[in-house]
>>> print(open('structure38.txt').read())   # compact mmCIF, C-alpha atoms (C1' of nucleotides)
# COMPACT_ATOMS: atom_id res chain seq x y z
CA MET A 282 -14.37 -4.94 45.12
CA ASN A 283 -16.21 -2.59 42.81
CA ASP A 284 -19.82 -3.68 42.26
CA ASP A 285 -20.98 -0.71 40.18
CA LEU A 286 -22.71 -1.63 36.97
CA LEU A 287 -20.76 -1.05 33.80
CA PRO A 288 -21.95 1.79 31.53
CA ALA A 289 -23.55 -0.66 29.10
CA GLU A 290 -25.47 -2.22 31.97
CA ARG A 291 -26.75 1.13 33.17
CA LYS A 292 -28.02 1.81 29.68
CA VAL A 293 -29.91 -1.49 29.74
CA ILE A 294 -31.60 -0.56 33.01
CA GLU A 295 -32.51 2.79 31.52
CA ALA A 296 -34.10 1.17 28.45
CA LEU A 297 -35.57 -2.04 29.88
CA GLY A 298 -35.63 -1.59 33.63
CA ASP A 299 -39.40 -1.63 33.76
CA ARG A 300 -39.81 -4.93 31.95
CA PRO A 301 -40.31 -8.26 33.72
CA LEU A 302 -36.83 -9.68 33.09
CA ASP A 303 -34.42 -11.62 35.26
CA PHE A 304 -31.66 -9.04 35.60
CA ARG A 305 -29.68 -11.12 38.05
CA ALA A 306 -29.21 -13.91 35.50
CA MET A 307 -28.76 -11.32 32.78
CA TRP A 308 -25.84 -9.60 34.53
CA ALA A 309 -24.15 -12.94 35.12
CA ILE A 310 -24.48 -14.14 31.53
CA SER A 311 -23.94 -10.84 29.74
CA ASN A 312 -20.79 -10.16 31.73
CA LEU A 313 -19.61 -13.63 30.83
CA PHE A 314 -19.63 -12.64 27.16
CA ARG A 315 -18.37 -9.14 27.76
CA SER A 316 -15.33 -10.27 29.74
CA ALA A 317 -14.58 -13.22 27.47
CA ALA A 318 -14.57 -10.94 24.42
CA ALA A 319 -12.38 -8.41 26.20
CA VAL A 320 -9.83 -11.01 27.27
CA ARG A 321 -9.79 -12.58 23.82
CA ARG A 322 -9.17 -9.25 22.13
CA HIS A 323 -6.42 -8.48 24.59
CA MET A 324 -4.72 -11.81 23.99
CA GLU A 325 -5.01 -11.48 20.23
CA ALA A 326 -3.45 -8.02 20.33
CA LYS A 327 -0.77 -8.56 22.95
CA VAL A 328 0.29 -12.17 22.46
CA LEU A 329 -0.95 -13.61 19.16
CA ALA A 330 -0.71 -10.69 16.71
CA THR A 331 3.09 -10.55 17.07
CA GLU A 332 3.30 -14.06 15.61
CA ARG A 333 0.39 -13.65 13.16
CA VAL A 334 -1.56 -16.44 14.84
CA SER A 335 -5.35 -16.31 14.99
CA TRP A 336 -7.23 -17.17 18.15
CA THR A 337 -8.59 -20.38 16.69
CA SER A 338 -5.21 -21.45 15.37
CA PHE A 339 -3.78 -20.86 18.82
CA VAL A 340 -6.46 -22.99 20.47
CA ALA A 341 -5.90 -25.67 17.84
CA LEU A 342 -2.16 -25.81 18.53
CA TRP A 343 -2.86 -25.87 22.25
CA VAL A 344 -5.28 -28.78 21.89
CA LEU A 345 -2.81 -30.84 19.85
CA TRP A 346 -0.07 -30.00 22.31
CA VAL A 347 -2.13 -31.21 25.28
CA TRP A 348 -3.88 -34.18 23.70
CA GLY A 349 -1.29 -35.39 21.22
CA GLU A 350 -2.41 -37.03 18.00
CA LEU A 351 -6.18 -36.83 17.48
CA GLY A 352 -8.79 -37.84 14.92
CA ALA A 353 -10.16 -34.84 13.03
CA ASN A 354 -13.50 -35.28 14.72
CA ALA A 355 -12.11 -35.37 18.24
CA PHE A 356 -9.92 -32.42 17.30
CA ALA A 357 -12.93 -30.31 16.27
CA GLU A 358 -14.72 -31.28 19.47
CA ALA A 359 -11.76 -30.35 21.68
CA VAL A 360 -11.18 -27.03 19.92
CA GLY A 361 -14.89 -26.24 20.11
CA ILE A 362 -15.53 -25.78 16.38
CA SER A 363 -17.62 -27.64 13.82
CA LYS A 364 -16.18 -30.29 11.54
CA PRO A 365 -16.24 -28.11 8.42
CA THR A 366 -14.47 -25.32 10.30
CA ALA A 367 -11.89 -27.80 11.54
CA THR A 368 -11.16 -28.82 7.96
CA GLY A 369 -10.44 -25.18 7.07
CA VAL A 370 -8.33 -24.51 10.14
CA LEU A 371 -6.29 -27.67 9.55
CA ARG A 372 -5.68 -26.52 5.99
CA THR A 373 -4.33 -23.22 7.31
CA LEU A 374 -2.12 -24.90 9.91
CA ASP A 375 -0.89 -27.38 7.32
CA ALA A 376 0.06 -24.55 4.95
CA ARG A 377 2.07 -23.05 7.81
CA GLY A 378 3.82 -26.37 8.37
CA TRP A 379 2.51 -26.72 11.92
CA ILE A 380 0.47 -29.93 11.66
CA THR A 381 0.44 -33.15 9.64
CA ARG A 382 -2.35 -35.56 8.74
CA ARG A 383 -2.01 -39.27 8.21
CA ALA A 384 -4.49 -42.05 7.48
CA ASP A 385 -5.60 -44.05 10.49
CA PRO A 386 -4.21 -47.56 9.97
CA ASP A 387 -7.18 -49.03 11.86
CA ASP A 388 -10.00 -47.06 10.21
CA GLY A 389 -10.00 -46.04 6.57
CA ARG A 390 -12.39 -43.17 7.24
CA SER A 391 -10.35 -41.50 9.94
CA VAL A 392 -7.55 -38.94 9.63
CA LEU A 393 -5.07 -38.53 12.46
CA VAL A 394 -3.77 -35.03 13.14
CA SER A 395 -0.64 -34.12 15.08
CA LEU A 396 1.85 -31.29 15.59
CA THR A 397 5.01 -31.07 13.53
CA PRO A 398 8.22 -30.17 15.41
CA THR A 399 7.78 -26.61 14.08
CA GLY A 400 4.20 -26.53 15.35
CA ARG A 401 5.32 -27.76 18.74
CA LYS A 402 7.99 -25.10 18.87
CA THR A 403 5.39 -22.43 18.05
CA ILE A 404 2.99 -23.36 20.85
CA GLU A 405 5.83 -23.87 23.34
CA HIS A 406 6.94 -20.35 22.53
CA LEU A 407 3.47 -18.81 22.60
CA PHE A 408 1.85 -20.47 25.56
CA PRO A 409 4.12 -19.23 28.34
CA ARG A 410 3.55 -15.69 27.11
CA PHE A 411 -0.19 -16.34 26.97
CA ASN A 412 -0.14 -17.71 30.50
CA ALA A 413 1.84 -14.72 31.75
CA GLU A 414 -0.86 -12.45 30.38
CA GLU A 415 -3.50 -14.62 32.09
CA THR A 416 -1.64 -14.09 35.33
CA ALA A 417 -1.58 -10.35 34.80
CA ILE A 418 -5.29 -10.11 33.99
CA ALA A 419 -6.48 -12.50 36.68
CA GLY A 420 -4.20 -10.72 39.12
CA ALA A 421 -6.88 -8.06 39.52
CA LEU A 422 -8.73 -10.72 41.50
CA GLY A 423 -7.10 -12.16 44.58
CA GLU A 424 -5.93 -15.76 44.51
CA ARG A 425 -9.02 -16.87 46.37
CA ASP A 426 -11.32 -15.11 43.91
CA GLN A 427 -9.56 -16.65 40.94
CA VAL A 428 -10.38 -20.06 42.38
CA ARG A 429 -13.94 -19.00 43.14
CA LEU A 430 -14.40 -17.67 39.61
CA ALA A 431 -13.11 -20.88 38.01
CA SER A 432 -15.44 -22.88 40.23
CA LEU A 433 -18.50 -20.79 39.38
CA LEU A 434 -17.72 -21.05 35.67
CA ARG A 435 -17.38 -24.84 35.91
CA SER A 436 -20.83 -24.93 37.44
CA LEU A 437 -22.14 -22.90 34.51
CA SER A 438 -20.53 -25.26 32.01
CA ARG A 439 -22.03 -28.25 33.75
CA SER A 440 -25.42 -26.55 33.92
CA VAL A 441 -25.46 -25.98 30.17
CA GLN A 442 -24.35 -29.53 29.51
CA ASP A 443 -27.16 -30.84 31.70
CA ARG A 444 -29.73 -28.80 29.80
CA ASN A 445 -28.50 -30.18 26.48
CA GLY A 446 -27.73 -33.80 27.27
CA ALA A 447 -30.29 -36.53 27.77
CA MET B 29 -20.60 -26.94 44.90
CA ASN B 30 -18.57 -29.29 42.75
CA ASP B 31 -14.95 -28.19 42.49
CA ASP B 32 -13.62 -31.16 40.52
CA LEU B 33 -11.65 -30.26 37.46
CA LEU B 34 -13.35 -30.83 34.13
CA PRO B 35 -11.98 -33.68 31.98
CA ALA B 36 -10.19 -31.23 29.68
CA GLU B 37 -8.50 -29.67 32.69
CA ARG B 38 -7.33 -33.02 34.00
CA LYS B 39 -5.78 -33.71 30.63
CA VAL B 40 -3.89 -30.41 30.84
CA ILE B 41 -2.49 -31.34 34.23
CA GLU B 42 -1.45 -34.70 32.84
CA ALA B 43 0.37 -33.10 29.90
CA LEU B 44 1.71 -29.87 31.43
CA GLY B 45 1.46 -30.33 35.18
CA ASP B 46 5.22 -30.29 35.63
CA ARG B 47 5.79 -27.00 33.84
CA PRO B 48 6.17 -23.66 35.64
CA LEU B 49 2.76 -22.24 34.71
CA ASP B 50 0.18 -20.28 36.68
CA PHE B 51 -2.61 -22.85 36.81
CA ARG B 52 -4.78 -20.77 39.06
CA ALA B 53 -5.03 -17.98 36.48
CA MET B 54 -5.27 -20.57 33.75
CA TRP B 55 -8.32 -22.27 35.25
CA ALA B 56 -10.05 -18.93 35.69
CA ILE B 57 -9.42 -17.73 32.14
CA SER B 58 -9.82 -21.05 30.32
CA ASN B 59 -13.12 -21.72 32.07
CA LEU B 60 -14.22 -18.25 31.05
CA PHE B 61 -13.90 -19.25 27.40
CA ARG B 62 -15.22 -22.74 27.90
CA SER B 63 -18.39 -21.61 29.63
CA ALA B 64 -18.96 -18.65 27.31
CA ALA B 65 -18.73 -20.94 24.27
CA ALA B 66 -21.04 -23.48 25.87
CA VAL B 67 -23.67 -20.87 26.72
CA ARG B 68 -23.43 -19.31 23.28
CA ARG B 69 -23.90 -22.65 21.56
CA HIS B 70 -26.82 -23.42 23.78
CA MET B 71 -28.50 -20.09 23.02
CA GLU B 72 -27.89 -20.44 19.30
CA ALA B 73 -29.44 -23.89 19.29
CA LYS B 74 -32.34 -23.36 21.67
CA VAL B 75 -33.36 -19.75 21.09
CA LEU B 76 -31.85 -18.31 17.90
CA ALA B 77 -31.89 -21.23 15.45
CA THR B 78 -35.68 -21.39 15.50
CA GLU B 79 -35.78 -17.88 14.00
CA ARG B 80 -32.68 -18.31 11.81
CA VAL B 81 -30.89 -15.50 13.64
CA SER B 82 -27.13 -15.61 14.09
CA TRP B 83 -25.51 -14.73 17.40
CA THR B 84 -24.05 -11.52 16.05
CA SER B 85 -27.33 -10.47 14.45
CA PHE B 86 -29.03 -11.05 17.77
CA VAL B 87 -26.50 -8.92 19.63
CA ALA B 88 -26.86 -6.24 16.95
CA LEU B 89 -30.64 -6.12 17.35
CA TRP B 90 -30.23 -6.05 21.11
CA VAL B 91 -27.82 -3.13 20.93
CA LEU B 92 -30.11 -1.09 18.69
CA TRP B 93 -33.04 -1.93 20.94
CA VAL B 94 -31.24 -0.71 24.04
CA TRP B 95 -29.38 2.27 22.60
CA GLY B 96 -31.77 3.47 19.90
CA GLU B 97 -30.39 5.11 16.77
CA LEU B 98 -26.60 4.91 16.57
CA GLY B 99 -23.79 5.93 14.22
CA ALA B 100 -22.25 2.93 12.47
CA ASN B 101 -19.07 3.37 14.44
CA ALA B 102 -20.75 3.48 17.84
CA PHE B 103 -22.83 0.51 16.73
CA ALA B 104 -19.74 -1.58 15.96
CA GLU B 105 -18.22 -0.59 19.28
CA ALA B 106 -21.34 -1.53 21.24
CA VAL B 107 -21.76 -4.86 19.46
CA GLY B 108 -18.08 -5.62 19.96
CA ILE B 109 -17.13 -6.08 16.29
CA SER B 110 -14.84 -4.21 13.90
CA LYS B 111 -16.11 -1.58 11.51
CA PRO B 112 -15.79 -3.78 8.40
CA THR B 113 -17.70 -6.56 10.14
CA ALA B 114 -20.37 -4.08 11.15
CA THR B 115 -20.81 -3.10 7.50
CA GLY B 116 -21.46 -6.72 6.59
CA VAL B 117 -23.81 -7.41 9.48
CA LEU B 118 -25.80 -4.27 8.73
CA ARG B 119 -26.10 -5.42 5.12
CA THR B 120 -27.55 -8.73 6.34
CA LEU B 121 -29.97 -7.06 8.75
CA ASP B 122 -30.97 -4.59 6.06
CA ALA B 123 -31.74 -7.43 3.64
CA ARG B 124 -33.98 -8.93 6.32
CA GLY B 125 -35.77 -5.62 6.72
CA TRP B 126 -34.76 -5.25 10.37
CA ILE B 127 -32.71 -2.03 10.26
CA THR B 128 -32.54 1.17 8.22
CA ARG B 129 -29.71 3.58 7.56
CA ARG B 130 -30.02 7.31 6.96
CA ALA B 131 -27.51 10.07 6.44
CA ASP B 132 -26.65 12.09 9.51
CA PRO B 133 -28.00 15.61 8.86
CA ASP B 134 -25.19 17.08 10.99
CA ASP B 135 -22.25 15.11 9.55
CA GLY B 136 -21.98 14.06 5.92
CA ARG B 137 -19.63 11.20 6.80
CA SER B 138 -21.87 9.58 9.37
CA VAL B 139 -24.61 7.00 8.85
CA LEU B 140 -27.31 6.59 11.47
CA VAL B 141 -28.64 3.08 12.05
CA SER B 142 -31.92 2.17 13.73
CA LEU B 143 -34.42 -0.68 14.06
CA THR B 144 -37.41 -0.92 11.74
CA PRO B 145 -40.74 -1.85 13.36
CA THR B 146 -40.18 -5.40 12.09
CA GLY B 147 -36.72 -5.45 13.66
CA ARG B 148 -38.12 -4.22 16.94
CA LYS B 149 -40.78 -6.90 16.85
CA THR B 150 -38.12 -9.54 16.26
CA ILE B 151 -35.95 -8.59 19.25
CA GLU B 152 -38.99 -8.08 21.48
CA HIS B 153 -40.01 -11.61 20.60
CA LEU B 154 -36.55 -13.15 20.97
CA PHE B 155 -35.19 -11.45 24.04
CA PRO B 156 -37.67 -12.71 26.63
CA ARG B 157 -36.99 -16.25 25.46
CA PHE B 158 -33.26 -15.59 25.63
CA ASN B 159 -33.60 -14.22 29.14
CA ALA B 160 -35.68 -17.22 30.23
CA GLU B 161 -32.85 -19.46 29.09
CA GLU B 162 -30.38 -17.29 30.99
CA THR B 163 -32.49 -17.82 34.08
CA ALA B 164 -32.50 -21.57 33.56
CA ILE B 165 -28.74 -21.78 33.05
CA ALA B 166 -27.78 -19.40 35.83
CA GLY B 167 -30.25 -21.18 38.09
CA ALA B 168 -27.60 -23.82 38.70
CA LEU B 169 -25.93 -21.16 40.82
CA GLY B 170 -27.81 -19.71 43.75
CA GLU B 171 -28.97 -16.11 43.59
CA ARG B 172 -26.03 -15.02 45.68
CA ASP B 173 -23.53 -16.77 43.40
CA GLN B 174 -25.06 -15.22 40.31
CA VAL B 175 -24.36 -11.82 41.80
CA ARG B 176 -20.87 -12.88 42.85
CA LEU B 177 -20.13 -14.20 39.37
CA ALA B 178 -21.28 -11.00 37.67
CA SER B 179 -19.14 -9.00 40.05
CA LEU B 180 -16.02 -11.08 39.48
CA LEU B 181 -16.50 -10.82 35.72
CA ARG B 182 -16.86 -7.05 35.91
CA SER B 183 -13.54 -6.96 37.73
CA LEU B 184 -11.99 -8.98 34.92
CA SER B 185 -13.40 -6.63 32.28
CA ARG B 186 -12.03 -3.62 34.13
CA SER B 187 -8.68 -5.34 34.58
CA VAL B 188 -8.34 -5.90 30.85
CA GLN B 189 -9.39 -2.37 30.10
CA ASP B 190 -6.77 -1.05 32.50
CA ARG B 191 -4.05 -3.08 30.83
CA ASN B 192 -5.02 -1.73 27.42
CA GLY B 193 -6.01 1.87 28.03
CA ALA B 194 -3.61 4.68 28.75
C1' DG C 187 -21.59 -62.56 2.62
C1' DC C 188 -25.27 -58.70 2.20
C1' DC C 189 -27.02 -54.59 3.01
C1' DA C 190 -29.29 -50.95 5.78
C1' DT C 191 -27.43 -47.88 8.83
C1' DA C 192 -24.13 -45.19 11.10
C1' DC C 193 -20.05 -42.69 11.04
C1' DC C 194 -15.79 -39.79 9.23
C1' DG C 195 -14.08 -36.06 6.94
C1' DT C 196 -14.65 -32.98 2.97
C1' DT C 197 -17.01 -29.84 -0.10
C1' DC C 198 -20.37 -26.22 -0.95
C1' DG C 199 -22.70 -21.89 -0.10
C1' DC C 200 -23.09 -18.31 2.73
C1' DA C 201 -22.57 -15.26 6.94
C1' DT C 202 -19.21 -13.45 10.13
C1' DA C 203 -14.61 -11.61 11.24
C1' DC C 204 -10.42 -8.69 10.82
C1' DG C 205 -6.39 -5.53 9.09
C1' DA C 206 -5.06 -2.59 5.47
C1' DA C 207 -6.21 0.58 2.27
C1' DC C 208 -9.46 3.76 0.35
C1' DC C 209 -12.45 7.94 -0.46
C1' DA C 210 -15.36 11.49 1.45
C1' DT C 211 -16.04 14.64 4.90
C1' DC C 212 -14.97 17.39 8.91
C1' DT C 213 -11.76 20.18 11.97
C1' DG C 214 -8.19 23.24 13.56
C1' DG C 215 -4.71 26.16 12.70
C1' DA C 216 -2.31 29.56 9.84
C1' DT D 134 -9.61 30.68 2.91
C1' DC D 135 -7.11 26.89 2.64
C1' DC D 136 -5.04 22.69 3.65
C1' DA D 137 -2.87 19.01 6.83
C1' DG D 138 -4.53 15.86 9.76
C1' DA D 139 -8.27 13.35 11.85
C1' DT D 140 -12.45 10.82 11.46
C1' DG D 141 -16.50 7.82 9.44
C1' DG D 142 -17.77 4.13 6.70
C1' DT D 143 -16.90 1.07 2.79
C1' DT D 144 -14.20 -2.12 -0.04
C1' DC D 145 -10.76 -5.73 -0.61
C1' DG D 146 -8.51 -9.98 0.49
C1' DT D 147 -8.38 -13.68 3.39
C1' DA D 148 -9.47 -16.60 7.51
C1' DT D 149 -13.01 -18.39 10.45
C1' DG D 150 -17.56 -20.26 11.20
C1' DC D 151 -21.81 -23.13 10.36
C1' DG D 152 -25.66 -26.32 8.30
C1' DA D 153 -26.67 -29.25 4.58
C1' DA D 154 -25.31 -32.49 1.52
C1' DC D 155 -21.84 -35.64 -0.28
C1' DG D 156 -18.91 -39.91 -1.04
C1' DG D 157 -16.13 -43.40 1.26
C1' DT D 158 -15.68 -46.64 4.96
C1' DA D 159 -17.15 -49.48 8.89
C1' DT D 160 -20.63 -52.16 11.57
C1' DG D 161 -24.48 -55.06 13.04
C1' DG D 162 -28.15 -57.98 12.08
C1' DC D 163 -29.44 -61.46 9.29
>>> encode(input="structure38.txt", output="structure tokens")
Amino acid sequence: MNDDLLPAERKVIEALGDRPLDFRAMWAISNLFRSAAAVRRHMEAKVLATERVSWTSFVALWVLWVWGELGANAFAEAVGISKPTATGVLRTLDARGWITRRADPDDGRSVLVSLTPTGRKTIEHLFPRFNAEETAIAGALGERDQVRLASLLRSLSRSVQDRNGA
Amino acid sequence: MNDDLLPAERKVIEALGDRPLDFRAMWAISNLFRSAAAVRRHMEAKVLATERVSWTSFVALWVLWVWGELGANAFAEAVGISKPTATGVLRTLDARGWITRRADPDDGRSVLVSLTPTGRKTIEHLFPRFNAEETAIAGALGERDQVRLASLLRSLSRSVQDRNGA
DNA sequence: GCCATACCGTTCGCATACGAACCATCTGGA
DNA sequence: TCCAGATGGTTCGTATGCGAACGGTATGGC
């Protein structure tokens, strides 16, 4: 394993190394964003661009594939976007013919969102390719380290949730 | 350490568990995005919202703080955004009085960007609070696991770079 | 049955985000 | 010296992203 700091991190030490900051936490969190952005860009370029699908649209299709029909609110929550953003994304997906909306028979306020057959076909085509790329990227870690990484990240997620919740 | 799957992950198993997918890689990568989004939201709400600073503006100030004066292109690269986006963000930061642009005396095409004193004051006020929140979040992991996590994420970053670069 | 309150999704205004296309400027070779 | 190609930054068009505010619908207490 290569534990050298990345060039950007060395620059930070050079500029701020003498300040009273928690660099251990900083390396953990800043590398979280750095690697997430890198993986996202890679996926957009190598998997999604060929089908003209944005990252958010991809996540939206994935969510509807996994969860089935959802209220617009639950949809936004699962995708990780705000309600207004969800409205816009659903408009885009609707224009592409990938989702449909129908009134909730049990609640006049609610709108139920689900994949069309075309939408299902799209995600069933895209996701295996996405997963193959995940395998390739994560392959740089051993199997054991992939499990370790997932576990550490779950702890982070739970830690943030604890600091927000009651 | 708690290795239970998150609710969203259990739902994935329920829906796709019988398909030939690499779930080990999937948990590593999907938790990367999940935790990064959670931390970002938390930081936006707890640190940045109080000063009406967007995530990208914060990163931009941070980059100029660490690197000093930069060409617009190098700035975009360091922030992790495209050149057109950088133009827009710099316009916003300029309107706030946080950055200035000047012509590069050695290259008529280039624009050099740097923090104003006000901009410097802003990031020097924000960053310690940001770092304190990093400490609190990462504190859920032990010191040793924070180092492990950073190291694993660096490996991921390098893995992606290898798959893109020549 | 009434109504204050909560909740659902949309609209609005604005900032962020990107690819494609564009000019202006620089560079290397003839 | 000149010009073909490369490079730097902006503009354009469109999609994503959010908080605030909005109307329509449901709910709970009375």
>>> residues_around(input="structure38.txt", residues="B:Glu97", least_positions_apart="4", cutoff="9 Å", atoms="only C-alpha atoms (C1' of nucleotides)", output="PDB file with C-alpha atoms, in the frame of the given file")
ATOM      1  CA  LEU B  92     -30.110  -1.090  18.690  1.00  0.00           C
ATOM      2  CA  TRP B  93     -33.040  -1.930  20.940  1.00  0.00           C
ATOM      3  CA  PHE B 103     -22.830   0.510  16.730  1.00  0.00           C
ATOM      4  CA  LEU B 140     -27.310   6.590  11.470  1.00  0.00           C
ATOM      5  CA  VAL B 141     -28.640   3.080  12.050  1.00  0.00           C
ATOM      6  CA  SER B 142     -31.920   2.170  13.730  1.00  0.00           C
ATOM      7  CA  LEU B 143     -34.420  -0.680  14.060  1.00  0.00           C
TER       8      LEU B 143
END
>>> residues_around(input="structure38.txt", residues="D:DG141", least_positions_apart="5", cutoff="10 Å", atoms="all atoms listed in the file", output="NGL selection string")
(:B and (99-101 or 111 or 135-139)) or (:C and (210-212))
>>> atom_distance(input="structure38.txt", atom1="atom CA of A:Gly378", atom2="atom CA of A:Val334")
13.0 Å
>>> residues_around(input="structure38.txt", residues="D:DG161", least_positions_apart="4", cutoff="12 Å", atoms="all atoms listed in the file", output="ChimeraX atom specification")
/C:188-192
>>> interface_residues(input="structure38.txt", of="chain C", to="chain A", cutoff="10 Å", atoms="all atoms listed in the file", output="ChimeraX atom specification")
/C:193-197
>>> interface_residues(input="structure38.txt", of="chain D", to="chain B", cutoff="10 Å", atoms="all atoms listed in the file", output="ChimeraX atom specification")
/D:140-144,151
>>> closest_atom_pairs(input="structure38.txt", of="stretch 334-388 of chain A", to="stretch 42-63 of chain B", cutoff="10 Å", atoms="only C-alpha atoms", output="CSV")
residue,atom,partner,partner_atom,distance
A:Trp346,CA,B:Ala43,CA,8.2
A:Val347,CA,B:Ala43,CA,5.6
A:Trp348,CA,B:Ala43,CA,7.6
A:Gly349,CA,B:Ala43,CA,9.1
A:Val360,CA,B:Arg62,CA,9.9
A:Gly361,CA,B:Arg62,CA,8.5
>>> atom_distance(input="structure38.txt", atom1="atom CA of A:Glu414", atom2="atom CA of B:Ala106")
24.9 Å
>>> atom_distance(input="structure38.txt", atom1="atom CA of A:Leu437", atom2="atom CA of B:Leu169")
7.6 Å
>>> residues_around(input="structure38.txt", residues="stretch 144-152 of chain B", least_positions_apart="6", cutoff="9 Å", atoms="only C-alpha atoms (C1' of nucleotides)", output="ChimeraX atom specification")
/B:79,86,89-90,92-93,121,124-128
>>> write_last_selection(input="structure38.txt", atoms="C-alpha atoms", output="mmCIF file, keeping the file's coordinate frame")
data_model
loop_
_atom_site.group_PDB
_atom_site.id
_atom_site.type_symbol
_atom_site.label_atom_id
_atom_site.label_comp_id
_atom_site.auth_asym_id
_atom_site.auth_seq_id
_atom_site.Cartn_x
_atom_site.Cartn_y
_atom_site.Cartn_z
ATOM 1 C CA GLU B 79 -35.780 -17.880 14.000
ATOM 2 C CA PHE B 86 -29.030 -11.050 17.770
ATOM 3 C CA LEU B 89 -30.640 -6.120 17.350
ATOM 4 C CA TRP B 90 -30.230 -6.050 21.110
ATOM 5 C CA LEU B 92 -30.110 -1.090 18.690
ATOM 6 C CA TRP B 93 -33.040 -1.930 20.940
ATOM 7 C CA LEU B 121 -29.970 -7.060 8.750
ATOM 8 C CA ARG B 124 -33.980 -8.930 6.320
ATOM 9 C CA GLY B 125 -35.770 -5.620 6.720
ATOM 10 C CA TRP B 126 -34.760 -5.250 10.370
ATOM 11 C CA ILE B 127 -32.710 -2.030 10.260
ATOM 12 C CA THR B 128 -32.540 1.170 8.220
#
>>> residues_around(input="structure38.txt", residues="C:DG205", least_positions_apart="6", cutoff="12 Å", atoms="all atoms listed in the file", output="list in words")
Ala326, Ala330 and Arg333 of chain A; Ser110, Lys111, Pro112 and Thr113 of chain B; DC145, DG146, DT147 and DA148 of chain D
>>> write_last_selection(input="structure38.txt", atoms="C-alpha atoms (C1' of nucleotides)", output="compact mmCIF listing (two decimals), keeping the file's coordinate frame")
# COMPACT_ATOMS: atom_id res chain seq x y z
CA ALA A 326 -3.45 -8.02 20.33
CA ALA A 330 -0.71 -10.69 16.71
CA ARG A 333 0.39 -13.65 13.16
CA SER B 110 -14.84 -4.21 13.90
CA LYS B 111 -16.11 -1.58 11.51
CA PRO B 112 -15.79 -3.78 8.40
CA THR B 113 -17.70 -6.56 10.14
C1' DC D 145 -10.76 -5.73 -0.61
C1' DG D 146 -8.51 -9.98 0.49
C1' DT D 147 -8.38 -13.68 3.39
C1' DA D 148 -9.47 -16.60 7.51
>>> closest_residue(input="structure38.txt", among="B:Ala88, B:Ala66, B:Arg38, B:Glu72", to="chain A", atoms="only C-alpha atoms")
B:Ala66
>>> closest_residue(input="structure38.txt", among="A:Val293, A:Ala357, A:Leu329, A:Leu351", to="chain B", atoms="all atoms listed in the file")
A:Val293
>>> build_atoms(input="structure38.txt", residues="stretch 380-392 of chain A", atoms="N, CA and C atoms", output="PDB file, in the coordinates of the input")
ATOM      1  N   ILE A 380       1.109 -28.635  11.366  1.00  0.00           N
ATOM      2  CA  ILE A 380       0.470 -29.930  11.660  1.00  0.00           C
ATOM      3  C   ILE A 380       0.650 -30.871  10.463  1.00  0.00           C
ATOM      4  N   THR A 381       0.483 -32.169  10.734  1.00  0.00           N
ATOM      5  CA  THR A 381       0.440 -33.150   9.640  1.00  0.00           C
ATOM      6  C   THR A 381      -0.775 -34.043   9.820  1.00  0.00           C
ATOM      7  N   ARG A 382      -1.232 -34.617   8.718  1.00  0.00           N
ATOM      8  CA  ARG A 382      -2.350 -35.560   8.740  1.00  0.00           C
ATOM      9  C   ARG A 382      -1.871 -36.880   8.174  1.00  0.00           C
ATOM     10  N   ARG A 383      -2.326 -37.967   8.777  1.00  0.00           N
ATOM     11  CA  ARG A 383      -2.010 -39.270   8.210  1.00  0.00           C
ATOM     12  C   ARG A 383      -3.253 -40.157   8.327  1.00  0.00           C
ATOM     13  N   ALA A 384      -3.341 -41.145   7.440  1.00  0.00           N
ATOM     14  CA  ALA A 384      -4.490 -42.050   7.480  1.00  0.00           C
ATOM     15  C   ALA A 384      -4.401 -42.905   8.736  1.00  0.00           C
ATOM     16  N   ASP A 385      -5.533 -43.157   9.344  1.00  0.00           N
ATOM     17  CA  ASP A 385      -5.600 -44.050  10.490  1.00  0.00           C
ATOM     18  C   ASP A 385      -5.446 -45.486   9.985  1.00  0.00           C
ATOM     19  N   PRO A 386      -4.415 -46.207  10.452  1.00  0.00           N
ATOM     20  CA  PRO A 386      -4.210 -47.560   9.970  1.00  0.00           C
ATOM     21  C   PRO A 386      -5.358 -48.503  10.348  1.00  0.00           C
ATOM     22  N   ASP A 387      -6.113 -48.148  11.374  1.00  0.00           N
ATOM     23  CA  ASP A 387      -7.180 -49.030  11.860  1.00  0.00           C
ATOM     24  C   ASP A 387      -8.565 -48.645  11.374  1.00  0.00           C
ATOM     25  N   ASP A 388      -8.671 -47.511  10.653  1.00  0.00           N
ATOM     26  CA  ASP A 388     -10.000 -47.060  10.210  1.00  0.00           C
ATOM     27  C   ASP A 388      -9.830 -46.185   8.968  1.00  0.00           C
ATOM     28  N   GLY A 389     -10.211 -46.716   7.842  1.00  0.00           N
ATOM     29  CA  GLY A 389     -10.000 -46.040   6.570  1.00  0.00           C
ATOM     30  C   GLY A 389     -10.693 -44.707   6.432  1.00  0.00           C
ATOM     31  N   ARG A 390     -11.684 -44.456   7.328  1.00  0.00           N
ATOM     32  CA  ARG A 390     -12.390 -43.170   7.240  1.00  0.00           C
ATOM     33  C   ARG A 390     -11.653 -42.079   7.974  1.00  0.00           C
ATOM     34  N   SER A 391     -10.881 -42.461   8.969  1.00  0.00           N
ATOM     35  CA  SER A 391     -10.350 -41.500   9.940  1.00  0.00           C
ATOM     36  C   SER A 391      -9.024 -40.899   9.505  1.00  0.00           C
ATOM     37  N   VAL A 392      -8.802 -39.661   9.880  1.00  0.00           N
ATOM     38  CA  VAL A 392      -7.550 -38.940   9.630  1.00  0.00           C
ATOM     39  C   VAL A 392      -6.967 -38.545  10.972  1.00  0.00           C
TER      40      VAL A 392
END
